[in-house]
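Report on one structure; see the data block that follows.
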Amino acid sequence: MPGMGLCAMLRAELAERARKYALAKSLPHCLSYAERPVVCFEPFGNGRHGNFHPASYRSICSRADWKLRLAKAHTTARRSLPSSDVGARSELDSCMSSDALLMNIFCNAGVLRSENVARLLGIVPKSHPQFGLRARVPLANGRVDATEIDMQTGNLLIEAKLTESDFQHAEKSKLLRYRDFLLVFEARELPQSDHSFYSYQLIRNVLAAYDRQAAFCVLLDERRGDLLEACYAVMRCVKSAELRTACKVLTWQELSRVLPASLQLFLAQKYGIS
């Protein structure tokens, strides 16, 4: 599949960039047990971490709710990574982590203050982001969804993607359990197979935006044309023009143009985002 090819190419590029970056700066790290190893960075020194911009990491460590995100478990660490002397491995230690990239940007004090960033995203300057929120999307039976929103800042919900293969898929019966699914979407037009709807995560986030009367943005890499196409395939099926307008796609590269210079340099060197 073309999409898997783009994903594999980006993963290979990010791994090689991270390896060279770690060696050039003598950053503590390890490599995964794989034919194409993934770089896993480690915290070191007095409040430093190789997977994070120094100013962003200081900000993360200064706020309890942000710092808690650093403990997000790396689900395959035991079988894919060497044991660590610094404690349990975190998903955000990985050079492939979209959550780490998201926090590198939005926990940076210069970004939080930036009117250019706020204007690009359509939010109020100095809005403090929250990470890993429960979506709590209403179900038809009166209960709520238990999955996460990557980030909320102001009235904007953000889904962050980097090397994930797709937006996942779900059985049609699972989507039909959502209270507002048929109200929000032209279900027959959504990408689907006989038994499943594709891009479940996108659908769920649009439903969350509808319920919260919020805007929604997908952040992805411009090298992932497959994910970009998947976004448009879902968003054009939103019935309401108002909600459809409140949903947008932004690339990390577009966002990088309005970021502080030192953060731009970090993203260019480590991620090839420029």
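Naming scheme: A, B, ... for chains in displayed order of the structure tokens; residues 1 onward per chain; ligands 1 onward as shown.
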
### Query
Taking the backbone alone, and naming residues the way the document does, which bits of range 66-150 of chain A are alpha helix (DSSP H) by DSSP, as JSON, numbers by chain?
{"A": [66, 67, 68, 69, 77, 78, 79, 80, 98, 99, 100, 101, 102, 103, 104, 105, 106, 109, 110, 111, 112, 113, 115, 116, 117, 118, 119, 120, 121]}

### Query
What lies within 6 Å of range 136-138 of chain A using only C-alpha atoms, ignoring chain neighbours under 6 positions off, as a ChimeraX atom specification?
/A:144-146,179,208

### Message
Ranking A:Pro125, A:Gly5, A:Gly45, A:Gly225 by minimum distance to Ala109 in chain A and counting only C-alpha atoms, which one comes first?
### Response
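Closest to Ala109 in chain A of all the choices is A:Pro125.
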
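In this structure, CA of Gln168 in chain A sits 5.5 Å away from CA of Tyr200 in chain A.
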
### Query
Using only C-alpha atoms, which residues sit within 10 Å of Gly132 in chain A once same-chain residues fewer than 5 positions away are excluded, as a list in words?
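Everything that qualifies: Asp65, Trp66, Arg69, Lys72, Asp99, Thr147, Glu148, Ile149, Asp150, Met151 and Gln152 of chain A.
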
Those same residues - C-alpha atoms - I'd like them written as a PDB file, in the first residue's frame.
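So the final result, stored in again-v1.pdb, reads:
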ATOM      1  CA  ASP A  65       0.053  17.970  34.704  1.00  0.00           C
ATOM      2  CA  TRP A  66       2.519  18.223  31.826  1.00  0.00           C
ATOM      3  CA  ARG A  69       2.499  12.963  30.545  1.00  0.00           C
ATOM      4  CA  LYS A  72       3.057   7.514  29.584  1.00  0.00           C
ATOM      5  CA  ASP A  99       3.133  13.241  21.602  1.00  0.00           C
ATOM      6  CA  THR A 147     -10.592   7.486  24.494  1.00  0.00           C
ATOM      7  CA  GLU A 148      -8.193  10.442  24.508  1.00  0.00           C
ATOM      8  CA  ILE A 149      -7.807  13.791  22.784  1.00  0.00           C
ATOM      9  CA  ASP A 150      -4.107  14.464  22.196  1.00  0.00           C
ATOM     10  CA  MET A 151      -4.346  18.141  23.123  1.00  0.00           C
ATOM     11  CA  GLN A 152      -6.797  20.946  23.783  1.00  0.00           C
TER      12      GLN A 152
END

### Query
What lies within 7 Å of Phe41 in chain A using only C-alpha atoms, ignoring chain neighbours under 4 positions off, as a list of chain:residue names?
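With the cut-off at 7 Å, the set is A:Pro28, A:His29, A:Cys30, A:Gly50, A:Asn51, A:Asp93, A:Ser94.
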
### Spatial neighbours of Ser59 in chain A, 10 Å, only C-alpha atoms, chain gap at least 6 places, as an MDAnalysis selection string
chainID A and resid 66:67 103:104 106:109

### Message
Please extract the residues of range 73-179 of chain A with a backbone DSSP assignment of strand (DSSP E or B) and present them as a list in words.
### Response
Ala73, Ser90, Ser94, Gln130, Phe131, Gly132, Leu133, Arg134, Pro138, Leu139, Val144, Glu148, Ile149, Asp150, Met151, Gln152, Thr153, Leu156, Leu157, Ile158, Glu159, Ala160, His169, Ala170, Glu171 and Tyr178 of chain A

### Message
Just want the 9 Å neighbourhood of Leu176 in chain A, counted on only C-alpha atoms, with same-chain residues fewer than 6 positions away dropped. Output as a list in words.
### Response
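Residues meeting the cut-off are Leu139, Ala140 and Leu182 of chain A.
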
### Task
Compile the contact shell of Leu263 in chain A as number ranges by chain: residues with an atom at most 12 Å away, counting only C-alpha atoms, same-chain residues fewer than 2 positions apart removed.
A: 52-57, 101, 103-111, 255-261, 265-271, 273-274

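Of the residues listed (A:Val249, A:Ala233, A:Ala118, A:Val238), A:Val249 shows the shortest atom-to-atom separation from Glu159 in chain A; distances use only C-alpha atoms.
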
### Message
Could you check the closest approach to Arg177 in chain A for each of A:Asn141, A:Ser62, A:Gln130, A:Ser114 and tell me which residue wins, using only C-alpha atoms?
### Response
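Answer, going by the shortest atom-to-atom distance: A:Asn141.
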
## Note on the structure
Taken to one decimal, the CA of Ala170 in chain A-CA of Ile203 in chain A distance is 10.2 Å

### Task
Tell me which of A:Leu157, A:Leu92, A:Leu6, A:Leu190 sits closest to Val218 in chain A, counting only C-alpha atoms.
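The answer is A:Leu157, which sits nearest to Val218 in chain A.
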
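Ranking A:Ala214, A:Val38, A:Ala18, A:Met9 by their shortest atom-to-atom distance to Gly122 in chain A, with only C-alpha atoms included, puts A:Ala214 first.
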
### Summary
In terms of only C-alpha atoms, the residue from A:Glu42, A:Glu115, A:Asp166, A:Glu91 at minimal distance from Leu228 in chain A is A:Asp166
